[in-house]
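A.B. asks: For reference, this is start-v7.cif, and it has mmCIF, C-alpha atoms.
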data_my_file
#
loop_
_atom_site.label_atom_id
_atom_site.label_comp_id
_atom_site.auth_asym_id
_atom_site.auth_seq_id
_atom_site.Cartn_x
_atom_site.Cartn_y
_atom_site.Cartn_z
CA MET C 1 -15.38 127.33 18.64
CA LYS C 2 -11.86 128.10 17.38
CA LYS C 3 -10.86 131.72 17.89
CA SER C 4 -8.34 133.34 15.58
CA LYS C 5 -5.15 134.55 17.21
CA GLY C 6 -5.44 138.09 18.45
CA VAL C 7 -9.22 138.26 18.16
CA LYS C 8 -10.72 139.64 21.35
CA ILE C 9 -14.17 139.23 22.78
CA ILE C 10 -16.25 142.26 21.83
CA LYS C 11 -18.77 141.73 24.61
CA THR C 12 -20.21 139.13 26.96
CA ILE C 13 -23.95 138.95 27.57
CA GLN C 14 -25.57 137.19 30.54
CA SER C 15 -29.29 136.57 30.88
CA HIS C 16 -31.52 134.81 33.38
CA THR C 17 -35.18 133.85 33.39
CA PRO C 18 -37.31 132.18 36.07
CA VAL C 19 -39.51 129.15 35.51
CA ARG C 20 -43.26 128.86 36.07
CA ILE C 21 -45.06 126.94 38.81
CA ASN C 22 -48.61 126.72 40.18
CA ASP C 23 -50.48 127.77 37.06
CA ILE C 24 -54.06 128.14 38.20
CA GLY C 25 -56.24 128.40 35.11
CA GLY C 26 -53.77 126.54 32.91
CA TRP C 27 -55.31 124.99 29.75
CA THR C 28 -57.34 128.22 29.28
CA ASP C 29 -54.48 130.26 27.75
CA THR C 30 -54.72 128.31 24.50
CA TRP C 31 -55.99 128.68 20.95
CA PHE C 32 -58.84 126.24 21.54
CA ALA C 33 -60.00 128.06 24.70
CA LYS C 34 -59.95 131.36 22.77
CA LYS C 35 -60.28 133.31 26.04
CA GLY C 36 -58.60 132.50 29.31
CA LYS C 37 -57.34 133.58 32.71
CA VAL C 38 -54.26 132.24 34.47
CA LEU C 39 -52.51 133.08 37.72
CA ASN C 40 -48.97 131.72 37.92
CA MET C 41 -45.75 132.20 39.88
CA ALA C 42 -42.21 132.80 38.64
CA VAL C 43 -39.50 131.13 40.69
CA SER C 44 -35.75 130.70 40.75
CA PRO C 45 -33.54 128.82 40.10
CA GLY C 46 -34.32 129.04 36.41
CA VAL C 47 -32.38 129.33 33.16
CA ASP C 48 -29.03 130.99 32.52
CA VAL C 49 -27.68 132.00 29.11
CA SER C 50 -24.20 133.33 28.40
CA ILE C 51 -23.12 134.71 25.01
CA LYS C 52 -19.59 135.68 24.01
CA VAL C 53 -19.40 137.88 20.92
CA TRP C 54 -16.40 138.00 18.56
CA GLU C 55 -15.75 139.69 15.24
CA ASN C 56 -16.45 137.31 12.34
CA ILE C 57 -13.20 138.11 10.55
CA LYS C 58 -13.38 135.03 8.28
CA ASN C 59 -17.01 135.64 7.28
CA GLU C 60 -18.04 132.16 8.49
CA LYS C 61 -21.59 131.03 7.81
CA GLU C 62 -21.87 128.64 10.77
CA ARG C 63 -20.88 131.43 13.10
CA VAL C 64 -22.90 130.44 16.17
CA THR C 65 -21.67 127.72 18.52
CA ILE C 66 -24.14 126.39 21.10
CA HIS C 67 -23.25 124.52 24.27
CA THR C 68 -26.28 122.87 25.91
CA GLN C 69 -24.70 122.23 29.27
CA ASN C 70 -27.53 120.11 30.68
CA TYR C 71 -27.18 117.70 27.75
CA GLY C 72 -23.40 117.93 27.33
CA GLU C 73 -23.80 118.75 23.62
CA THR C 74 -22.05 121.27 21.39
CA PHE C 75 -23.01 122.12 17.79
CA GLN C 76 -22.71 124.93 15.28
CA VAL C 77 -25.48 126.81 13.49
CA ASP C 78 -25.85 129.08 10.50
CA PRO C 79 -28.24 131.65 12.06
CA ASP C 80 -29.50 132.70 8.63
CA HIS C 81 -30.30 129.15 7.45
CA PRO C 82 -30.85 126.84 10.45
CA LYS C 83 -31.28 123.10 9.80
CA TYR C 84 -33.36 122.39 12.94
CA ASP C 85 -31.60 119.04 13.21
CA GLN C 86 -30.48 119.56 16.81
CA HIS C 87 -32.41 121.39 19.55
CA PRO C 88 -34.84 123.03 17.09
CA LEU C 89 -36.13 125.46 19.72
CA LEU C 90 -32.68 127.01 20.11
CA GLN C 91 -32.12 127.23 16.37
CA ALA C 92 -35.58 128.74 15.82
CA ALA C 93 -34.96 131.35 18.52
CA ILE C 94 -31.62 132.34 16.99
CA HIS C 95 -33.22 132.55 13.55
CA SER C 96 -35.87 134.90 14.98
CA ILE C 97 -33.25 137.50 15.87
CA SER C 98 -31.22 138.86 12.95
CA VAL C 99 -27.67 138.09 14.07
CA PRO C 100 -25.37 140.58 12.29
CA LYS C 101 -23.01 138.80 9.88
CA LYS C 102 -20.06 140.64 11.40
CA PHE C 103 -20.41 138.66 14.66
CA LYS C 104 -19.48 135.16 15.79
CA LEU C 105 -21.27 133.91 18.90
CA GLU C 106 -20.56 131.29 21.53
CA ILE C 107 -23.70 130.49 23.51
CA LYS C 108 -23.90 128.51 26.73
CA ILE C 109 -27.28 127.47 28.12
CA HIS C 110 -27.90 125.94 31.51
CA SER C 111 -31.00 125.18 33.58
CA ARG C 112 -30.97 124.24 37.24
CA ILE C 113 -34.45 122.72 36.91
CA PRO C 114 -34.65 119.18 35.47
CA ALA C 115 -35.74 118.91 31.84
CA GLY C 116 -39.39 117.98 31.38
CA SER C 117 -40.39 119.24 34.83
CA SER C 118 -43.60 120.88 33.54
CA THR C 119 -42.43 124.29 34.72
CA GLY C 120 -42.33 126.00 31.33
CA THR C 121 -38.58 125.49 31.06
CA SER C 122 -38.55 125.51 27.24
CA ALA C 123 -40.29 128.90 27.23
CA SER C 124 -37.81 130.17 29.83
CA VAL C 125 -34.87 128.98 27.71
CA CYS C 126 -36.35 130.66 24.64
CA ALA C 127 -37.03 133.95 26.46
CA ALA C 128 -33.56 134.00 28.06
CA LEU C 129 -31.90 133.33 24.69
CA LEU C 130 -33.98 135.94 22.88
CA GLY C 131 -33.33 138.50 25.61
CA ALA C 132 -29.58 137.95 25.36
CA LEU C 133 -29.51 137.99 21.54
CA ASP C 134 -31.56 141.18 21.60
CA GLN C 135 -28.52 142.96 23.01
CA ILE C 136 -26.65 142.65 19.70
CA THR C 137 -29.46 144.23 17.68
CA PRO C 138 -30.43 147.91 17.39
CA HIS C 139 -33.95 147.18 18.64
CA LYS C 140 -34.25 146.53 22.37
CA ARG C 141 -37.46 144.66 23.02
CA SER C 142 -39.74 145.01 26.05
CA ALA C 143 -40.74 142.09 28.29
CA SER C 144 -44.04 141.94 26.42
CA GLU C 145 -42.29 141.79 23.05
CA ILE C 146 -39.87 139.08 24.22
CA ALA C 147 -42.77 136.98 25.55
CA SER C 148 -44.69 137.38 22.28
CA LEU C 149 -41.67 136.51 20.16
CA ALA C 150 -40.89 133.44 22.29
CA HIS C 151 -44.46 132.24 21.79
CA GLN C 152 -44.18 132.79 18.03
CA VAL C 153 -40.97 130.74 17.95
CA GLU C 154 -42.81 127.72 19.36
CA THR C 155 -46.14 128.05 17.57
CA GLU C 156 -45.28 129.64 14.22
CA LYS C 157 -41.71 128.60 13.46
CA LEU C 158 -41.95 125.11 14.95
CA GLY C 159 -45.70 124.45 14.84
CA TRP C 160 -45.83 123.30 18.46
CA GLN C 161 -48.83 123.44 20.78
CA SER C 162 -48.29 126.23 23.31
CA GLY C 163 -50.35 128.47 25.53
CA ILE C 164 -49.10 131.96 26.26
CA GLN C 165 -48.59 131.88 30.03
CA ASP C 166 -45.10 130.32 30.22
CA GLN C 167 -43.44 132.92 28.01
CA ILE C 168 -45.14 135.71 29.96
CA CYS C 169 -44.03 134.27 33.29
CA ALA C 170 -40.41 133.97 32.08
CA ALA C 171 -40.28 137.53 30.76
CA TYR C 172 -42.26 139.34 33.47
CA GLY C 173 -41.47 137.39 36.64
CA GLY C 174 -43.40 137.75 39.89
CA VAL C 175 -46.94 136.51 40.39
CA CYS C 176 -48.71 137.22 37.10
CA PHE C 177 -52.39 137.39 36.31
CA VAL C 178 -52.84 136.78 32.59
CA ASP C 179 -56.20 137.84 31.15
CA MET C 180 -56.22 136.50 27.60
CA TYR C 181 -59.08 138.38 25.97
CA ARG C 182 -58.40 136.99 22.48
CA TYR C 183 -55.76 134.36 21.76
CA PRO C 184 -52.85 135.11 21.84
CA GLN C 185 -53.42 138.67 23.05
CA ALA C 186 -53.64 139.35 26.77
CA ASN C 187 -53.49 141.93 29.50
CA VAL C 188 -50.83 141.05 32.08
CA THR C 189 -50.88 142.24 35.68
CA LYS C 190 -48.04 141.62 38.13
CA LEU C 191 -49.56 141.37 41.59
CA LYS C 192 -48.14 143.85 44.08
CA LEU C 193 -48.12 141.62 47.12
CA LYS C 194 -47.44 142.92 50.59
CA GLN C 195 -44.08 141.95 52.05
CA ASN C 196 -45.56 139.59 54.63
CA ILE C 197 -47.53 137.74 51.93
CA LYS C 198 -44.41 137.27 49.79
CA LYS C 199 -42.51 136.06 52.85
CA ASN C 200 -45.21 133.52 53.72
CA LEU C 201 -45.36 132.27 50.14
CA ASN C 202 -41.60 131.79 50.01
CA GLN C 203 -41.72 129.86 53.27
CA ARG C 204 -44.57 127.58 52.21
CA ILE C 205 -44.36 127.01 48.43
CA CYS C 206 -42.65 123.72 47.52
CA LEU C 207 -41.74 122.33 44.11
CA VAL C 208 -41.67 118.52 43.96
CA TYR C 209 -40.13 116.82 40.92
CA LEU C 210 -41.95 113.57 40.20
CA GLY C 211 -38.91 111.55 39.19
CA SER C 212 -38.98 111.84 35.40
CA GLY C 213 -39.57 114.31 32.62
CA HIS C 214 -43.16 114.58 31.48
CA SER C 215 -43.93 112.27 28.58
CA SER C 216 -47.60 112.79 27.83
CA SER C 217 -47.74 114.21 24.31
CA ALA C 218 -50.31 111.68 23.10
CA LEU C 219 -52.43 112.25 26.20
CA HIS C 220 -52.28 116.02 25.79
CA GLU C 221 -53.28 115.75 22.12
CA GLU C 222 -56.25 113.64 23.19
CA VAL C 223 -57.34 116.30 25.70
CA ILE C 224 -56.83 119.06 23.13
CA ARG C 225 -59.07 117.26 20.61
CA PHE C 226 -61.68 116.82 23.35
CA LEU C 227 -61.58 120.51 24.31
CA GLU C 228 -61.59 121.65 20.69
CA LYS C 229 -64.77 119.63 20.18
CA LYS C 230 -66.39 121.00 23.36
CA GLY C 231 -65.55 124.60 22.48
CA SER C 232 -64.57 127.66 24.50
CA GLN C 233 -67.84 127.63 26.49
CA PHE C 234 -67.13 124.21 28.03
CA LYS C 235 -67.91 124.35 31.76
CA LEU C 236 -64.46 123.13 32.90
CA ILE C 237 -62.80 125.94 30.94
CA HIS C 238 -65.15 128.39 32.66
CA GLN C 239 -64.40 126.88 36.07
CA MET C 240 -60.65 127.15 35.62
CA ARG C 241 -60.92 130.75 34.40
CA ASP C 242 -62.99 131.56 37.47
CA LEU C 243 -60.49 129.82 39.76
CA ALA C 244 -57.66 131.98 38.39
CA GLN C 245 -59.65 135.13 39.16
CA LYS C 246 -60.55 133.83 42.62
CA ALA C 247 -56.93 132.87 43.32
CA ARG C 248 -55.78 136.36 42.37
CA ASN C 249 -58.18 137.98 44.83
CA LEU C 250 -57.36 135.58 47.68
CA LEU C 251 -53.61 135.91 47.24
CA SER C 252 -53.83 139.71 47.12
CA GLN C 253 -55.69 139.55 50.45
CA GLY C 254 -53.08 137.21 51.93
CA ASP C 255 -55.60 134.42 52.56
CA LEU C 256 -53.22 131.55 51.84
CA GLU C 257 -55.48 128.86 53.28
CA SER C 258 -58.29 129.70 50.84
CA PHE C 259 -55.73 130.22 48.08
CA GLY C 260 -54.53 126.67 48.69
CA LYS C 261 -58.10 125.45 48.22
CA THR C 262 -58.17 127.01 44.72
CA MET C 263 -55.03 125.01 43.93
CA ILE C 264 -56.81 121.80 44.94
CA ASP C 265 -59.96 122.77 43.01
CA ASN C 266 -57.89 123.44 39.89
CA ASN C 267 -56.15 120.09 40.31
CA GLU C 268 -59.56 118.39 40.37
CA CYS C 269 -60.58 120.28 37.21
CA GLN C 270 -57.51 118.81 35.51
CA ARG C 271 -58.52 115.36 36.73
CA SER C 272 -61.98 115.93 35.24
CA LEU C 273 -60.41 116.74 31.87
CA HIS C 274 -58.69 113.33 31.94
CA SER C 275 -57.97 111.07 34.90
CA LYS C 276 -54.43 110.39 33.65
CA LEU C 277 -53.49 114.08 33.93
CA ILE C 278 -52.95 113.36 37.65
CA SER C 279 -50.36 110.59 37.70
CA SER C 280 -49.85 107.90 40.33
CA GLN C 281 -46.61 109.62 41.40
CA ALA C 282 -48.52 112.87 41.91
CA GLU C 283 -51.17 111.01 43.92
CA SER C 284 -48.47 109.58 46.21
CA VAL C 285 -47.13 113.06 46.94
CA ILE C 286 -50.64 114.46 47.44
CA ARG C 287 -51.45 111.80 50.04
CA ILE C 288 -48.36 112.80 52.01
CA ALA C 289 -49.24 116.49 51.65
CA GLN C 290 -52.72 115.80 53.02
CA LYS C 291 -51.30 113.83 55.93
CA HIS C 292 -49.13 116.81 56.93
CA HIS C 293 -51.95 119.36 56.57
CA ALA C 294 -50.72 121.12 53.42
CA ALA C 295 -53.10 123.91 52.38
CA GLY C 296 -52.88 123.19 48.66
CA TRP C 297 -51.44 121.14 45.83
CA LYS C 298 -51.52 121.31 42.06
CA VAL C 299 -49.88 119.38 39.25
CA ASN C 300 -47.80 121.87 37.26
CA GLY C 301 -48.56 122.58 33.62
CA ALA C 302 -50.83 120.33 31.62
CA GLY C 303 -50.25 117.27 33.82
CA GLY C 304 -49.70 113.64 32.91
CA GLN C 305 -46.79 111.27 33.58
CA GLY C 306 -43.67 112.76 35.12
CA GLY C 307 -43.23 116.50 35.57
CA SER C 308 -43.76 118.18 38.91
CA LEU C 309 -46.21 119.32 41.56
CA THR C 310 -46.56 122.56 43.53
CA LEU C 311 -47.43 122.26 47.21
CA LEU C 312 -48.50 124.96 49.65
CA SER C 313 -47.32 123.50 52.93
CA SER C 314 -48.77 123.89 56.38
CA ALA C 315 -47.87 127.18 58.08
CA ARG C 316 -46.08 125.09 60.71
CA LYS C 317 -42.41 124.69 59.81
CA SER C 318 -42.21 121.35 61.62
CA GLU C 319 -45.05 119.92 59.50
CA LYS C 320 -43.42 121.16 56.30
CA LYS C 321 -40.14 119.55 57.33
CA GLU C 322 -41.79 116.20 58.08
CA MET C 323 -43.78 116.37 54.83
CA LEU C 324 -40.67 116.90 52.72
CA LYS C 325 -38.82 114.17 54.62
CA GLU C 326 -41.58 111.67 53.85
CA ILE C 327 -41.75 112.75 50.21
CA ALA C 328 -38.00 112.14 49.90
CA SER C 329 -38.53 108.61 51.23
CA LEU C 330 -40.70 107.76 48.19
CA GLY C 331 -37.54 107.32 46.11
CA LYS C 332 -37.80 106.72 42.34
CA GLY C 333 -36.24 110.14 41.72
CA ILE C 334 -39.07 112.02 43.43
CA GLN C 335 -37.47 115.00 45.14
CA HIS C 336 -38.06 118.45 46.58
CA ILE C 337 -36.44 121.27 44.59
CA PRO C 338 -36.04 124.41 46.75
CA VAL C 339 -37.39 127.49 44.96
CA SER C 340 -38.09 131.12 45.77
CA LEU C 341 -40.22 133.78 44.12
CA ASN C 342 -38.48 135.62 41.28
CA LEU C 343 -39.96 139.10 41.05
CA GLN C 344 -37.82 140.45 38.20
CA GLY C 345 -38.33 138.08 35.28
CA LEU C 346 -35.91 138.38 32.38
CA LYS C 347 -32.64 139.90 33.56
CA VAL C 348 -29.90 140.81 31.08
CA SER C 349 -26.44 142.32 31.62
CA THR C 350 -23.54 143.02 29.26
CA SER C 351 -19.82 143.63 29.72
CA SER C 352 -17.10 144.59 27.26
#
As structure tokens, please, write out the structure in this file.
C.D. replies:
Amino acid sequence: MKKSKGVKIIKTIQSHTPVRINDIGGWTDTWFAKKGKVLNMAVSPGVDVSIKVWENIKNEKERVTIHTQNYGETFQVDPDHPKYDQHPLLQAAIHSISVPKKFKLEIKIHSRIPAGSSTGTSASVCAALLGALDQITPHKRSASEIASLAHQVETEKLGWQSGIQDQICAAYGGVCFVDMYRYPQANVTKLKLKQNIKKNLNQRICLVYLGSGHSSSALHEEVIRFLEKKGSQFKLIHQMRDLAQKARNLLSQGDLESFGKTMIDNNECQRSLHSKLISSQAESVIRIAQKHHAAGWKVNGAGGQGGSLTLLSSARKSEKKEMLKEIASLGKGIQHIPVSLNLQGLKVSTSS
């Protein structure tokens, strides 16, 4: 973006959102499930957005410059008439917030989680961008409003398939219990975990990237058609809803061993939906987790090829260390990504 001589930055906006892991009850927060329950966890590192705001003294139409730092790409957008030719999610998000014509924006977006990791990164990007853009409008939206708008960007503006849990996780943070009583409306509860429970979770939760971005759109469409045909009363949908409720109760009590079992049970429910939702890479990691007495494991998100897996390691630090060492030896890009619970969710700050 070329800046006219003497034009100063009006303000700089920084925003951060976590990403989502360990979504027990996933697949039930969807239009075809109609009603659902999900327990998920927000973790950092996540997504960072930076916006520099200048005066639009030349009344330029393409007055928004976007730098997607993970992709090394830069392009300009007319926020009033986006073309959706590059990174449509970003353009749709910008179009959802009325950017005043008097402003020029330079936006930088960066994620420290690999693209396609099945951790709701696109929803986190959208929520972080909306939260930052919201600072240049008169209306300051709540976490609930940001989550809802981020979901609308994906489903209404772009026509994508999307449940509601990822946007909620990004905006709210913490360990969230999402009770979707009528799609897409839900009651959201952030669990108030005791300090020792949070400490144990942070010590034992592991995110394992499975070597490539998830590439299972056709598979997911097949499962969606199957579930749409079965209807909202399908027994696997009921089982996953029940597991989310059970997981909430066990985690609140600090019973991590039983909580880990709900992770495994949910993973098997996903396998029952379609065997290919649990990939061969995930199976390799699970075998190592079993060998080192991990309490739980679950493929993140919808599952399929690539993506990531959440593990709840043994309480013994030595076993966790050996487990991660053996996972690293698998090669093929499979790697442990250190994460920690993010209790805040969307965080925005501005400076003049």
A.B. asks: Just how far from atom CA of Ile237 of chain C is atom CA of Gln270 of chain C, in Å to one decimal?
C.D. replies: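 Rounded to one decimal, the two atoms are 10.0 Å apart.
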A.B. asks: Please provide the set of residues having any atom within 9 Å of segment 191-203 of chain C, restricted to all atoms listed in the file, with same-chain residues fewer than 5 positions apart removed, written as a PyMOL selection string.
C.D. replies: chain C and resi 174-177+248+251-256+312-313+315+317+339-341
A.B. asks: Based on the selection just made, write C-alpha atoms of those residues as a PDB file, in the coordinates of the input.
C.D. replies:
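The result, written out as result-v6.pdb:
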ATOM      1  CA  GLY C 174     -43.400 137.750  39.890  1.00  0.00           C
ATOM      2  CA  VAL C 175     -46.940 136.510  40.390  1.00  0.00           C
ATOM      3  CA  CYS C 176     -48.710 137.220  37.100  1.00  0.00           C
ATOM      4  CA  PHE C 177     -52.390 137.390  36.310  1.00  0.00           C
ATOM      5  CA  ARG C 248     -55.780 136.360  42.370  1.00  0.00           C
ATOM      6  CA  LEU C 251     -53.610 135.910  47.240  1.00  0.00           C
ATOM      7  CA  SER C 252     -53.830 139.710  47.120  1.00  0.00           C
ATOM      8  CA  GLN C 253     -55.690 139.550  50.450  1.00  0.00           C
ATOM      9  CA  GLY C 254     -53.080 137.210  51.930  1.00  0.00           C
ATOM     10  CA  ASP C 255     -55.600 134.420  52.560  1.00  0.00           C
ATOM     11  CA  LEU C 256     -53.220 131.550  51.840  1.00  0.00           C
ATOM     12  CA  LEU C 312     -48.500 124.960  49.650  1.00  0.00           C
ATOM     13  CA  SER C 313     -47.320 123.500  52.930  1.00  0.00           C
ATOM     14  CA  ALA C 315     -47.870 127.180  58.080  1.00  0.00           C
ATOM     15  CA  LYS C 317     -42.410 124.690  59.810  1.00  0.00           C
ATOM     16  CA  VAL C 339     -37.390 127.490  44.960  1.00  0.00           C
ATOM     17  CA  SER C 340     -38.090 131.120  45.770  1.00  0.00           C
ATOM     18  CA  LEU C 341     -40.220 133.780  44.120  1.00  0.00           C
TER      19      LEU C 341
END
A.B. asks: Expand the PyMOL selection byres ((chain C and resi 62) around 10) into the individual residues it matches in the shown file, reporting them as a count of residues only.
C.D. replies: 16
A.B. asks: Mind telling me what the PyMOL selection byres ((chain C and resi 342) around 10) catches here, as a compact mmCIF listing (two decimals) with C-alpha atoms, keeping the file's coordinate frame?
C.D. replies:
# COMPACT_ATOMS: atom_id res chain seq x y z
CA THR C 17 -35.18 133.85 33.39
CA PRO C 18 -37.31 132.18 36.07
CA VAL C 19 -39.51 129.15 35.51
CA ARG C 20 -43.26 128.86 36.07
CA MET C 41 -45.75 132.20 39.88
CA ALA C 42 -42.21 132.80 38.64
CA VAL C 43 -39.50 131.13 40.69
CA SER C 44 -35.75 130.70 40.75
CA PRO C 45 -33.54 128.82 40.10
CA GLY C 46 -34.32 129.04 36.41
CA CYS C 169 -44.03 134.27 33.29
CA ALA C 170 -40.41 133.97 32.08
CA TYR C 172 -42.26 139.34 33.47
CA GLY C 173 -41.47 137.39 36.64
CA GLY C 174 -43.40 137.75 39.89
CA VAL C 175 -46.94 136.51 40.39
CA VAL C 339 -37.39 127.49 44.96
CA SER C 340 -38.09 131.12 45.77
CA LEU C 341 -40.22 133.78 44.12
CA LEU C 343 -39.96 139.10 41.05
CA GLN C 344 -37.82 140.45 38.20
CA GLY C 345 -38.33 138.08 35.28
CA LEU C 346 -35.91 138.38 32.38
A.B. asks: Given the PyMOL selection byres ((chain C and resi 137) around 12) and the file above, list the residues it selects as an MDAnalysis selection string.
C.D. replies: chainID C and resid 96:103 130:136 138:141
A.B. asks: Quick one: contact table of segment 112-191 of chain C to segment 282-300 of chain C, 9 Å max, nearest atom pair and distance in Å to one decimal per residue, counting only C-alpha atoms, chain and number order, as JSON lines?
C.D. replies:
{"residue": "C:Ser117", "atom": "CA", "partner": "C:Asn300", "partner_atom": "CA", "distance": 8.2}
{"residue": "C:Ser118", "atom": "CA", "partner": "C:Asn300", "partner_atom": "CA", "distance": 5.7}
{"residue": "C:Thr119", "atom": "CA", "partner": "C:Asn300", "partner_atom": "CA", "distance": 6.4}
A.B. asks: Ranking C:Ile264, C:Asp179, C:Pro114, C:His214 by minimum distance to His336 of chain C and counting all atoms listed in the file, which one comes first?
C.D. replies: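 Counting all atoms listed in the file, the residue closest to His336 of chain C is C:Pro114.
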A.B. asks: So which one's closest to Lys34 of chain C, C:Gln245, C:Gln185, C:Ser15, C:Ser279? Using only C-alpha atoms, please.
C.D. replies: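 Once distances to Lys34 of chain C are computed over only C-alpha atoms, the minimum belongs to C:Gln185.
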A.B. asks: Would you kindly place N, CA and C atoms on segment 190-207 of chain C and return the model as an mmCIF file, in the frame of the given file?
C.D. replies:
data_model
loop_
_atom_site.group_PDB
_atom_site.id
_atom_site.type_symbol
_atom_site.label_atom_id
_atom_site.label_comp_id
_atom_site.auth_asym_id
_atom_site.auth_seq_id
_atom_site.Cartn_x
_atom_site.Cartn_y
_atom_site.Cartn_z
ATOM 1 N N LYS C 190 -48.894 142.182 37.084
ATOM 2 C CA LYS C 190 -48.040 141.620 38.130
ATOM 3 C C LYS C 190 -48.603 142.045 39.477
ATOM 4 N N LEU C 191 -48.955 141.064 40.295
ATOM 5 C CA LEU C 191 -49.560 141.370 41.590
ATOM 6 C C LEU C 191 -48.543 142.069 42.490
ATOM 7 N N LYS C 192 -48.987 143.143 43.126
ATOM 8 C CA LYS C 192 -48.140 143.850 44.080
ATOM 9 C C LYS C 192 -48.485 143.350 45.482
ATOM 10 N N LEU C 193 -47.830 142.264 45.851
ATOM 11 C CA LEU C 193 -48.120 141.620 47.120
ATOM 12 C C LEU C 193 -47.405 142.318 48.271
ATOM 13 N N LYS C 194 -48.071 142.368 49.406
ATOM 14 C CA LYS C 194 -47.440 142.920 50.590
ATOM 15 C C LYS C 194 -46.258 142.045 51.010
ATOM 16 N N GLN C 195 -45.306 142.656 51.701
ATOM 17 C CA GLN C 195 -44.080 141.950 52.050
ATOM 18 C C GLN C 195 -44.341 140.687 52.867
ATOM 19 N N ASN C 196 -45.299 140.763 53.792
ATOM 20 C CA ASN C 196 -45.560 139.590 54.630
ATOM 21 C C ASN C 196 -46.165 138.436 53.835
ATOM 22 N N ILE C 197 -46.950 138.771 52.782
ATOM 23 C CA ILE C 197 -47.530 137.740 51.930
ATOM 24 C C ILE C 197 -46.436 137.051 51.127
ATOM 25 N N LYS C 198 -45.522 137.841 50.551
ATOM 26 C CA LYS C 198 -44.410 137.270 49.790
ATOM 27 C C LYS C 198 -43.543 136.391 50.692
ATOM 28 N N LYS C 199 -43.313 136.843 51.913
ATOM 29 C CA LYS C 199 -42.510 136.060 52.850
ATOM 30 C C LYS C 199 -43.177 134.725 53.168
ATOM 31 N N ASN C 200 -44.482 134.756 53.416
ATOM 32 C CA ASN C 200 -45.210 133.520 53.720
ATOM 33 C C ASN C 200 -45.222 132.564 52.536
ATOM 34 N N LEU C 201 -45.392 133.113 51.334
ATOM 35 C CA LEU C 201 -45.360 132.270 50.140
ATOM 36 C C LEU C 201 -44.008 131.579 49.998
ATOM 37 N N ASN C 202 -42.936 132.357 50.142
ATOM 38 C CA ASN C 202 -41.600 131.790 50.010
ATOM 39 C C ASN C 202 -41.348 130.697 51.042
ATOM 40 N N GLN C 203 -41.919 130.851 52.209
ATOM 41 C CA GLN C 203 -41.720 129.860 53.270
ATOM 42 C C GLN C 203 -42.527 128.588 53.025
ATOM 43 N N ARG C 204 -43.639 128.705 52.295
ATOM 44 C CA ARG C 204 -44.570 127.580 52.210
ATOM 45 C C ARG C 204 -44.653 126.902 50.830
ATOM 46 N N ILE C 205 -44.276 127.604 49.771
ATOM 47 C CA ILE C 205 -44.360 127.010 48.430
ATOM 48 C C ILE C 205 -43.238 125.987 48.249
ATOM 49 N N CYS C 206 -43.605 124.800 47.764
ATOM 50 C CA CYS C 206 -42.650 123.720 47.520
ATOM 51 C C CYS C 206 -42.833 123.177 46.107
ATOM 52 N N LEU C 207 -41.719 122.959 45.422
ATOM 53 C CA LEU C 207 -41.740 122.330 44.110
ATOM 54 C C LEU C 207 -41.232 120.893 44.266
#
